[in-house]
Structure formats: structure tokens, C-alpha cells
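Below is one structure; the comments refer to it alone.
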Amino acid sequence: MTFDFTLTILAAGSLTLLLALSSLVVATIIGLATAFAKLSDSRALRSAAGIYTFVIRGIPDLVIMLLVYYSLPALLNQWADAVGWDTHIEFPPIIAAIATLGLIFGAYMTETFRTALLNIPKGQIEAAAAYGLTRPRILVAIIIPQLIRLALPGFTNNWLVLAKATALASLIGLQDVMFRARVAAEATSKPFTFFLVAAAFYFLVTLISFAFLTVVARRYEIGIRELAS
């Protein structure tokens, strides 16, 4: 029985990874957009971006997830009833979890990308513009490559935290690794065994992710080391 439950827990690893990677994509998109907004000339964009990061970082992750999964649909259903719409809104757990984690870690990614953008020498951008490069070309050829290199350490830390934070999704009914570990623990009265299996899964994801991103970071540092030598 222990072996069967262990296989069941590990089988949910694909769903956990799907949640983590999907949330990472959402967080990266939000983070990039908000970072550029914070550095834009528009006061409205800077204010909106600042409010978003301040509010999200000031509320516990679990509270935000419960607000998105339970409170937001209830509020939308109340509005629908008020205008006479015969509908019932309910978010699937996987969608609510991706949206929540993307929203939360988008705020942290914002600061990572903003710091990286500030560390790109302005002289390079000004020189490129002087040579007649268009803004899209400057973005692709100069800003993005350096942004990746400068943001990788913070990006790595955010991803490692995000991957572990996916465990919160079990509290809204998503049958991920943590959900199945809890079910197995309750069914067999062996919480240590099955929570240890879940811990081993998350640790393995962390280990592989860290090793992979370390290799990527070293590849991006090759040119810098050559120039330094």
C-alpha cells in the first residue's frame, strides 16, 4: 500500500510542474511589463506599477489564493445576479492557482527585472540610437541579452520559491503532489512517510532547477569573463 500511494503522489508531479512552469510564464510576462512601466516616463504607469507591487508583496500568498479562488467568483456571481444574468462563475483550481502564483511572483519578478534594467549602461543604448538602430532592434540586440544575464540570479531565486509555493494549490482542491501526499497520510496514518515523499519531490525539482540555471548563468558570463581577462 505504501508503494502504491508513493506512485500516486509522484504521478501528480506532472501537474505540479505544469502549474509551476505556467505560473512562471505568467509571472515573467507580468514582471517584465511592470518593470518597464516602473521605468517609463508615464507617471500613471509608474504609480499603477508601484501600487501593484506594494499591495501584492504586502498580502500573504495563501490569502491571495483564497481571494482569487473563493471570493472573486462569489463577488462576480453577486454582480451577475444584480444585473439579472442567469450564470454561475467558478474557477477551475488549476486556472486559479496559475493566475494567483503568476500575480504574486510577477511582483517579485518586477523588482528583479527593474534592477537588471537599471544596471544596463545607458551609454550603450544611446550609442545604438546614435548609429540609427530602431527601438525594437535596440531592445532585441542590446537590452534583452543583458537583461537575461543581469536578472538570472534573482530570477533563479524567484523560480525556486515559486516551485515550492505550488504546494499552496492543494488547499483549493488541486490534486497535485501535496494534495495526494495529504490524502495518503490520512488514509494510512503515516504522515511522516508521505510528506517526506512530497518533500523529496520538491527538493529534487529545486536541485535540478538550480543546476540548470547555474549552467545557463555561466554561459551568459563567458563573454564578460573574456572581456575581463
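Labels for the C-alpha cells follow display order: chains A, B, ..., residues from 1 in each chain, ligands from 1.
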
Could you tell me, as a ChimeraX atom specification, which residues of stretch 46-155 of chain A DSSP assigns to alpha helix (DSSP H) when given the backbone? /A:46-57,61-66,72-82,93-118,122-130,135-138,144-155

Mind checking which residues fall within 10 Å of stretch 15-18 of chain A, counting only C-alpha atoms, ignoring those fewer than 4 positions away in the same chain, and posting them as number ranges by chain?
-> A: 10-11, 22-24, 94, 98, 163-164, 166-167, 169-170, 174-178, 202, 205

Residues just named, written with N, CA and C atoms as a CSV table (one decimal), in the first residue's frame:
chain,number,residue,atom,x,y,z
A,10,LEU,N,3.8,10.6,-6.8
A,10,LEU,CA,4.8,11.0,-7.8
A,10,LEU,C,4.1,11.2,-9.1
A,11,ALA,N,3.0,10.5,-9.4
A,11,ALA,CA,2.3,10.7,-10.7
A,11,ALA,C,1.7,12.1,-10.8
A,22,SER,N,3.7,27.1,-15.8
A,22,SER,CA,2.7,28.0,-16.3
A,22,SER,C,2.7,29.3,-15.5
A,23,SER,N,2.8,29.2,-14.2
A,23,SER,CA,2.9,30.3,-13.3
A,23,SER,C,4.1,31.2,-13.6
A,24,LEU,N,5.2,30.5,-13.9
A,24,LEU,CA,6.5,31.2,-14.2
A,24,LEU,C,6.3,32.0,-15.4
A,94,ILE,N,-6.8,24.7,-11.2
A,94,ILE,CA,-5.5,24.9,-11.9
A,94,ILE,C,-5.4,26.3,-12.5
A,98,ILE,N,-2.7,29.1,-11.2
A,98,ILE,CA,-1.8,29.7,-12.1
A,98,ILE,C,-1.9,31.2,-12.1
A,163,ALA,N,8.3,27.4,-7.2
A,163,ALA,CA,8.2,25.9,-7.4
A,163,ALA,C,7.7,25.3,-6.1
A,164,LYS,N,8.2,25.8,-5.0
A,164,LYS,CA,7.8,25.3,-3.7
A,164,LYS,C,6.4,25.8,-3.3
A,166,THR,N,3.9,26.2,-5.1
A,166,THR,CA,2.8,25.5,-5.7
A,166,THR,C,2.0,24.6,-4.7
A,167,ALA,N,2.7,24.2,-3.6
A,167,ALA,CA,2.0,23.4,-2.6
A,167,ALA,C,0.8,24.0,-2.1
A,169,ALA,N,-1.5,25.3,-3.7
A,169,ALA,CA,-2.7,25.0,-4.5
A,169,ALA,C,-3.5,23.8,-4.0
A,170,SER,N,-2.8,22.9,-3.2
A,170,SER,CA,-3.5,21.7,-2.7
A,170,SER,C,-4.7,22.2,-1.8
A,174,LEU,N,-6.7,21.3,-5.8
A,174,LEU,CA,-5.9,20.8,-6.9
A,174,LEU,C,-5.1,19.6,-6.5
A,175,GLN,N,-5.3,18.5,-7.3
A,175,GLN,CA,-4.7,17.2,-6.9
A,175,GLN,C,-3.3,17.1,-7.3
A,176,ASP,N,-2.5,18.0,-6.7
A,176,ASP,CA,-1.0,18.0,-7.0
A,176,ASP,C,-0.3,17.0,-6.0
A,177,VAL,N,1.0,17.1,-6.0
A,177,VAL,CA,1.8,16.3,-5.1
A,177,VAL,C,1.4,16.4,-3.7
A,178,MET,N,1.3,17.7,-3.2
A,178,MET,CA,1.0,17.9,-1.8
A,178,MET,C,-0.4,17.4,-1.5
A,202,TYR,N,9.9,17.9,-4.2
A,202,TYR,CA,10.2,19.4,-4.3
A,202,TYR,C,11.7,19.6,-4.2
A,205,VAL,N,13.2,18.8,-7.6
A,205,VAL,CA,12.9,19.9,-8.6
A,205,VAL,C,13.8,21.1,-8.3

Using only C-alpha atoms, I'd like a table of the residues in stretch 107-182 of chain A that come within 12 Å of stretch 29-38 of chain A; for each, show the closest atom pair and its distance in Å rounded to one decimal, ordered by chain and ascending number, as CSV.
residue,atom,partner,partner_atom,distance
A:Ala107,CA,A:Gly31,CA,6.2
A:Tyr108,CA,A:Gly31,CA,7.3
A:Met109,CA,A:Gly31,CA,4.7
A:Thr110,CA,A:Gly31,CA,4.0
A:Glu111,CA,A:Ala35,CA,6.8
A:Thr112,CA,A:Gly31,CA,8.1
A:Phe113,CA,A:Ala35,CA,5.9
A:Arg114,CA,A:Ala35,CA,4.8
A:Thr115,CA,A:Ala35,CA,8.6
A:Ala116,CA,A:Ala35,CA,9.5
A:Leu117,CA,A:Ala35,CA,8.2
A:Leu118,CA,A:Ala35,CA,10.1
A:Leu139,CA,A:Phe36,CA,11.7
A:Ile143,CA,A:Phe36,CA,11.7
A:Ile144,CA,A:Leu32,CA,10.6
A:Leu147,CA,A:Leu32,CA,10.2
A:Ile148,CA,A:Leu32,CA,11.2
A:Ala151,CA,A:Leu32,CA,10.9
A:Phe155,CA,A:Gly31,CA,10.4
A:Asn158,CA,A:Gly31,CA,11.3

Restricting to only C-alpha atoms, whichever of A:Val63, A:Trp159, A:Thr214, A:Arg182 is closest to A:Ala20 is A:Trp159

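Excluding A:Pro93 itself and same-chain residues fewer than 2 positions from it, the residues having an atom within 8 Å of it are Tyr69, Phe91, Ile95, Ala96, Ala97, Ala169, Ile172, Gly173 and Leu174 of chain A, counting only C-alpha atoms.
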
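Considering the residues A:Phe203, A:Phe192, A:Phe212, A:Tyr131 and counting only C-alpha atoms, A:Thr156 has its shortest atom-to-atom contact with A:Phe212.
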
Original post:
What gap, in Å, lies between atom CA of A:Gly106 and atom CA of A:Val26?
Top reply: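 Separating atom CA of A:Gly106 from atom CA of A:Val26 is a distance of 7.3 Å.
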
Item checked: Residue contacts of A:Phe3 (12 Å, only C-alpha atoms) excluding same-chain residues fewer than 6 positions away, as an MDAnalysis selection string -> chainID A and resid 9:10 184 188 193:194 197

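Minimum distance to A:Val25 across A:Ala130, A:Phe105, A:Gly58, A:Ala187 (counting only C-alpha atoms) occurs at A:Phe105.
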
What separates atom CA of A:Val215 and atom CA of A:Thr28 is a distance of 20.0 Å

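Shortest separation to A:Glu186 among A:Phe5, A:Ala99, A:Ile51, A:Asp61 occurs at residue A:Phe5, atoms counted being only C-alpha atoms.
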
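The shortest atom-to-atom distance to A:Lys122, with only C-alpha atoms taken into account, belongs to A:Ile142 out of A:Val68, A:Ala44, A:Ile56, A:Ile142.
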
* Asked: Taking only C-alpha atoms into account, which of A:Pro191, A:Trp79, A:Thr2, A:Leu168 comes nearest A:Ile64?
  ->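 Of A:Pro191, A:Trp79, A:Thr2, A:Leu168, the one nearest A:Ile64 is A:Leu168, counting only C-alpha atoms.
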